[in-house]
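Data first, discussion second: the structure below is written as structure tokens.
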Amino acid sequence: MSTPQSDSSRLVDALKAASKLLASQGIAHALLGGMAANLYREEARATQDVDFGIKATPAQTVAVVAAFEKAGWVPQLRAGKAEALRIAHADLPRIDLLIAGTPFEENAIERAASLTIDEHELAIVTPEDLIVYKLIAGRARDFEAVAAIINTIAELDSGYVTGWLEQFGLSDRWTQALDEAQRLADDE
């Protein structure tokens with residue numbers, strides 16, 4: 001059985017390996033998902049994979065898959081999700097690559113902030129873009145993550161968040177997230 005520290009270290013190793021490989025292929029990418037959420041909240045939650053948004057043409061995607069395979073990874077299309085690649089490795093946690101297919105996703109990757117982890121610089125989606133990603137997904141754990149981010153980051157651009165959510169017809173999810181954030185704050 002592995003220890004939490006070794007799990008965390010392995011996630012960081014997978015993150016750095018994937019980021020370096022994507023950069024070597026000239027692929028614009030940004031960290032998102034649970035690892036990104038943990039960096040924007042006070043209390044980290046368990047995550048078992050690393051998620052990146054990537055901006056890639058079909059030809060670049062084929063080249064990325066080949067580069068991952070050459071580096072010992074095994075890429076797989078996720079069932080029912082042609083826009084997502086799951087990349088498995090025998091010694092590291094899996095990587096999910098979410099291929100940008102909407103103006104929002106492309107914009108989120110372009111707006112990404114710079115982050116340094118273990119002397120490795122990489123891009124991470126902004127808290128606002130991560131909130132939009134999570135609220136589009138709309139799972140209970142996504143609302144909880146968004147509420148934790150709201151309660152951690154004092155100044156979020158709520159106009160930016162609501163603008164994108166309106167375009168997806170999901171304006172009510174911001175109100176739900178704010179209500180969840182208030183409920184969590186009241187519970188503390």
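Simple scheme: letters A, B, ... for chains in structure tokens order, numbers from 1 for residues in each chain, numbers from 1 for ligands in the order shown.
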Q | For region 169-178 of chain A: contacts at 10 Å, only C-alpha atoms, fewer than 2 positions along chain excluded, given as a PyMOL selection string | A | chain A and resi 131-132+134-136+138+142-151+158+161-167+180-184
For the contact check between region 85-130 of chain A and region 39-42 of chain A, emit one row per residue of region 85-130 of chain A within 12 Å, containing the shortest atom pair and the distance in Å rounded to one decimal, counting only C-alpha atoms, chain then rising number order, as a tab-separated table.
residue	atom	partner	partner_atom	distance
A:Leu115	CA	A:Leu39	CA	9.9
A:Thr116	CA	A:Leu39	CA	11.4
A:Ile117	CA	A:Leu39	CA	10.7
A:Ile124	CA	A:Leu39	CA	9.5
A:Val125	CA	A:Tyr40	CA	10.4
A:Thr126	CA	A:Tyr40	CA	9.1
A:Pro127	CA	A:Tyr40	CA	6.8
A:Glu128	CA	A:Tyr40	CA	10.3
A:Asp129	CA	A:Tyr40	CA	11.8
A:Leu130	CA	A:Tyr40	CA	9.4
Q) Between CA of Glu43 (chain A) and CA of Leu156 (chain A), what is the distance, to one decimal in Å? A) 18.3 Å
For region 2-34 of chain A versus region 98-111 of chain A, which residues have an atom no more than 10 Å away, and what is each residue's nearest atom pair and distance in Å rounded to one decimal, using only C-alpha atoms, chain-then-number order, as CSV?
residue,atom,partner,partner_atom,distance
A:Ala28,CA,A:Ile109,CA,7.0
A:His29,CA,A:Ile109,CA,6.0
A:Ala30,CA,A:Ile109,CA,5.6
A:Leu31,CA,A:Ile109,CA,8.8
A:Leu32,CA,A:Leu98,CA,9.4
Q: Taking the chain letters and numbering used in this document, name the residues of chain A that DSSP puts in helix (DSSP H, G or I), as JSON, numbers by chain.
A: {"A": [4, 5, 6, 7, 8, 9, 10, 11, 12, 13, 14, 15, 16, 17, 18, 19, 20, 21, 22, 23, 24, 33, 34, 35, 36, 37, 38, 39, 58, 59, 60, 61, 62, 63, 64, 65, 66, 67, 68, 69, 70, 103, 104, 105, 106, 107, 108, 109, 110, 127, 128, 129, 130, 131, 132, 133, 134, 135, 136, 137, 140, 141, 142, 143, 144, 145, 146, 147, 148, 149, 150, 151, 152, 158, 159, 160, 161, 162, 163, 164, 165, 166, 167, 171, 172, 173, 174, 175, 176, 177, 178, 179, 180, 181, 182, 183, 184, 185, 186, 187]}
Q.
I'd like the interatomic distance between CA of Pro93 (chain A) and CA of Asp49 (chain A), to a tenth of an Å.
A.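 Spanning CA of Pro93 (chain A) to CA of Asp49 (chain A) is a straight-line distance of 5.5 Å.
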Q. At what distance in Å, to one decimal, does CA of Val65 (chain A) lie from CA of Ile87 (chain A)?
A.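 For CA of Ile87 (chain A) relative to CA of Val65 (chain A), the distance reads 8.6 Å.
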